[in-house]
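Visitor: Sharing a structure below in structure tokens format, with a few things to ask.
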Amino acid sequence: MTTPPRRTNRSAGPAALLAALLASAVFPSISQAQVPVFEISHADSSIKFNVSASVAIAGTFDKWDATLTFTSPELSTAVLDVKIQADSVNTGSGMKDGKLKGKDFFDVKNNPLITFHSTKVVQTGPNTVELDGDFTIRGVTRPEKLTFTITGKGTGTGSINGTMAFDRKQYGMNSGIPFIKIADRVEVTVDLKGKRVSGPPVELK
């Protein structure tokens with residue numbers, strides 16, 4: 001008596017593969033739908049700086065990118081990334097711009113980007129938050145803090161406007177500009193306007 005050949009389910013492999021493909025296609029969209037997704041309007045936003053000096057030194061950066069991402073609706077999961085093209089500094093003065101781009105200040109040839117990457121966010125009031133993060137300029141990275149005020153809470157559109165102050169000499173900017181007395185403290189103003197394009201609102205206290 002011979003044992004009948006063992007039957008194999010040849011359709012099990014393709015079926016399992018199809019199920020896996022469907023799962024990979026569906027579940028990410030479900031997960032993404034549960035996460036707030038924001039789009040920042042570059043045209044309506046700005047990044048500016050100001051330094052106290054005997055001759056006013058203030059300006060903007062014309063080229064930059066910023067993203068605000070979440071892994072859940074909880075505010076504590078927010079991550080802000082800002083990348084600024086240092087060469088796009090614009091004070092309205094060619095002489096000042098040239099000096100700021102040079103090796104004594106931004107050193108744009110060797111360090112084209114100025115960046116901020118948040119590592120922690122804490123709500124400090126009904127409409128205020130603090131972001132601790134890593135600030136990099138001239139290739140030097142140090143911890144700094146951005147303090148933001150939020151407008152448009154709960155509406156899906158609005159802005160976050162905040163400031164960060166740092167000591168330029170801690171980043172190797174020890175020189176000055178001839179005939180101009182410059183303070184060590186530099187203030188950066190970040191005004192980002194945007195809207196929630198998908199997902200639930202951020203959970204604020």
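Ordering of the structure tokens sets the chain letters (A, B, ...); residue numbers start at 1 within each chain; ligands are numbered from 1 in the order shown.
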With only C-alpha atoms as the counted atoms, please give the residues lying no more than 7 Å from region 107-113 of chain A, apart from itself and same-chain residues fewer than 2 positions off, as a ChimeraX atom specification.
Guide: /A:83-87,101-105,115,138-139
Visitor: Restrict the selected residues to all heavy atoms and save them as a short mmCIF file (atom, residue, chain, number, x, y, z; two decimals), in the first residue's frame.
Guide:
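Written output follows (part-v2.cif):
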data_model
loop_
_atom_site.label_atom_id
_atom_site.label_comp_id
_atom_site.auth_asym_id
_atom_site.auth_seq_id
_atom_site.Cartn_x
_atom_site.Cartn_y
_atom_site.Cartn_z
N LYS A 83 15.82 74.91 8.09
CA LYS A 83 17.08 74.93 7.36
C LYS A 83 17.16 76.23 6.56
O LYS A 83 16.32 76.48 5.69
CB LYS A 83 17.19 73.71 6.43
CG LYS A 83 17.22 72.38 7.16
CD LYS A 83 17.34 71.21 6.20
CE LYS A 83 17.37 69.89 6.93
NZ LYS A 83 17.46 68.74 5.99
N ILE A 84 18.17 77.03 6.87
CA ILE A 84 18.32 78.35 6.24
C ILE A 84 19.55 78.36 5.35
O ILE A 84 20.62 77.89 5.75
CB ILE A 84 18.47 79.44 7.33
CG1 ILE A 84 17.25 79.45 8.25
CG2 ILE A 84 18.68 80.80 6.69
CD1 ILE A 84 17.46 80.29 9.50
N GLN A 85 19.40 78.90 4.15
CA GLN A 85 20.54 79.11 3.27
C GLN A 85 21.25 80.39 3.73
O GLN A 85 20.73 81.50 3.55
CB GLN A 85 20.07 79.25 1.82
CG GLN A 85 19.37 78.02 1.26
CD GLN A 85 20.32 76.89 0.95
OE1 GLN A 85 21.52 77.10 0.78
NE2 GLN A 85 19.80 75.67 0.89
N ALA A 86 22.40 80.22 4.37
CA ALA A 86 23.10 81.38 4.94
C ALA A 86 23.43 82.43 3.89
O ALA A 86 23.45 83.64 4.19
CB ALA A 86 24.38 80.91 5.64
N ASP A 87 23.66 82.00 2.67
CA ASP A 87 24.02 82.92 1.59
C ASP A 87 22.86 83.83 1.19
O ASP A 87 23.06 84.80 0.47
CB ASP A 87 24.49 82.11 0.37
CG ASP A 87 25.09 83.00 -0.71
OD1 ASP A 87 26.00 83.78 -0.38
OD2 ASP A 87 24.62 82.93 -1.86
N LYS A 101 28.37 87.27 5.24
CA LYS A 101 28.62 86.01 4.52
C LYS A 101 30.06 85.53 4.67
O LYS A 101 30.35 84.36 4.43
CB LYS A 101 28.30 86.17 3.03
CG LYS A 101 26.83 86.41 2.72
CD LYS A 101 26.63 86.64 1.23
CE LYS A 101 25.20 87.01 0.90
NZ LYS A 101 25.01 87.22 -0.57
N GLY A 102 30.96 86.43 5.04
CA GLY A 102 32.38 86.12 5.10
C GLY A 102 32.77 85.21 6.25
O GLY A 102 31.96 84.83 7.11
N LYS A 103 34.07 84.87 6.31
CA LYS A 103 34.57 83.89 7.27
C LYS A 103 34.46 84.35 8.72
O LYS A 103 34.46 83.53 9.64
CB LYS A 103 36.01 83.54 6.94
CG LYS A 103 36.99 84.72 7.04
CD LYS A 103 38.41 84.28 6.71
CE LYS A 103 39.38 85.45 6.85
NZ LYS A 103 40.78 85.04 6.55
N ASP A 104 34.37 85.66 8.96
CA ASP A 104 34.28 86.16 10.33
C ASP A 104 32.88 85.98 10.93
O ASP A 104 32.73 86.03 12.16
CB ASP A 104 34.65 87.64 10.39
CG ASP A 104 36.13 87.88 10.10
OD1 ASP A 104 36.92 86.94 10.35
OD2 ASP A 104 36.48 88.97 9.63
N PHE A 105 31.90 85.78 10.05
CA PHE A 105 30.53 85.63 10.55
C PHE A 105 29.94 84.30 10.08
O PHE A 105 30.26 83.26 10.63
CB PHE A 105 29.68 86.83 10.13
CG PHE A 105 30.04 88.08 10.90
CD1 PHE A 105 31.02 88.95 10.42
CD2 PHE A 105 29.44 88.37 12.12
CE1 PHE A 105 31.38 90.08 11.14
CE2 PHE A 105 29.80 89.50 12.84
CZ PHE A 105 30.78 90.35 12.36
N THR A 115 20.85 75.79 10.82
CA THR A 115 19.74 74.87 11.09
C THR A 115 19.30 74.91 12.55
O THR A 115 20.07 75.26 13.45
CB THR A 115 20.13 73.42 10.73
OG1 THR A 115 21.20 72.99 11.59
CG2 THR A 115 20.56 73.31 9.28
N ARG A 138 27.76 78.18 11.37
CA ARG A 138 29.22 78.11 11.17
C ARG A 138 29.78 76.73 11.51
O ARG A 138 30.94 76.58 11.87
CB ARG A 138 29.94 79.16 12.04
CG ARG A 138 29.81 80.58 11.56
CD ARG A 138 30.46 81.53 12.55
NE ARG A 138 31.84 81.15 12.85
CZ ARG A 138 32.91 81.52 12.13
NH1 ARG A 138 32.74 82.28 11.07
NH2 ARG A 138 34.11 81.14 12.48
N GLY A 139 28.95 75.70 11.45
CA GLY A 139 29.40 74.35 11.77
C GLY A 139 29.46 74.06 13.25
O GLY A 139 29.88 72.97 13.66
#
Visitor: Quick one: DSSP helix (DSSP H, G or I) residues in region 78-113 of chain A, as a PyMOL selection string?
Guide: chain A and resi 86-88+94-101
Visitor: Here is a test: counting only C-alpha atoms, which residue of A:Thr71, A:Lys63, A:Thr189, A:Phe38 is nearest to Thr149 (chain A)?
Guide: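 Ranked by minimum distance to Thr149 (chain A), first place goes to A:Thr189.
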Visitor: Determine, counting only C-alpha atoms, which protein, DNA and RNA residues have an atom within 10 Å of an atom of Lys181 (chain A); residues of the same chain fewer than 3 positions away are not included. Present the result as a list in words.
Guide: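 Here the answer would be Ser52, Ala53, Ser54, Val55, Ala56, Gly176, Ile177, Pro178 and Asp184 of chain A.
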Visitor: Between A:Phe70, A:Tyr171, A:Phe116, A:Phe49, single out the one closest to Val89 (chain A), counting only C-alpha atoms.
Guide: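 Among the listed residues, the smallest separation from Val89 (chain A) belongs to A:Phe49.
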Visitor: Can you list, as an NGL selection string, every protein, DNA or RNA residue that comes within 9 Å of Thr67 (chain A) when you count only C-alpha atoms, leaving out same-chain residues fewer than 2 positions away?
Guide: :A and (38-40 or 65 or 69 or 79-82)
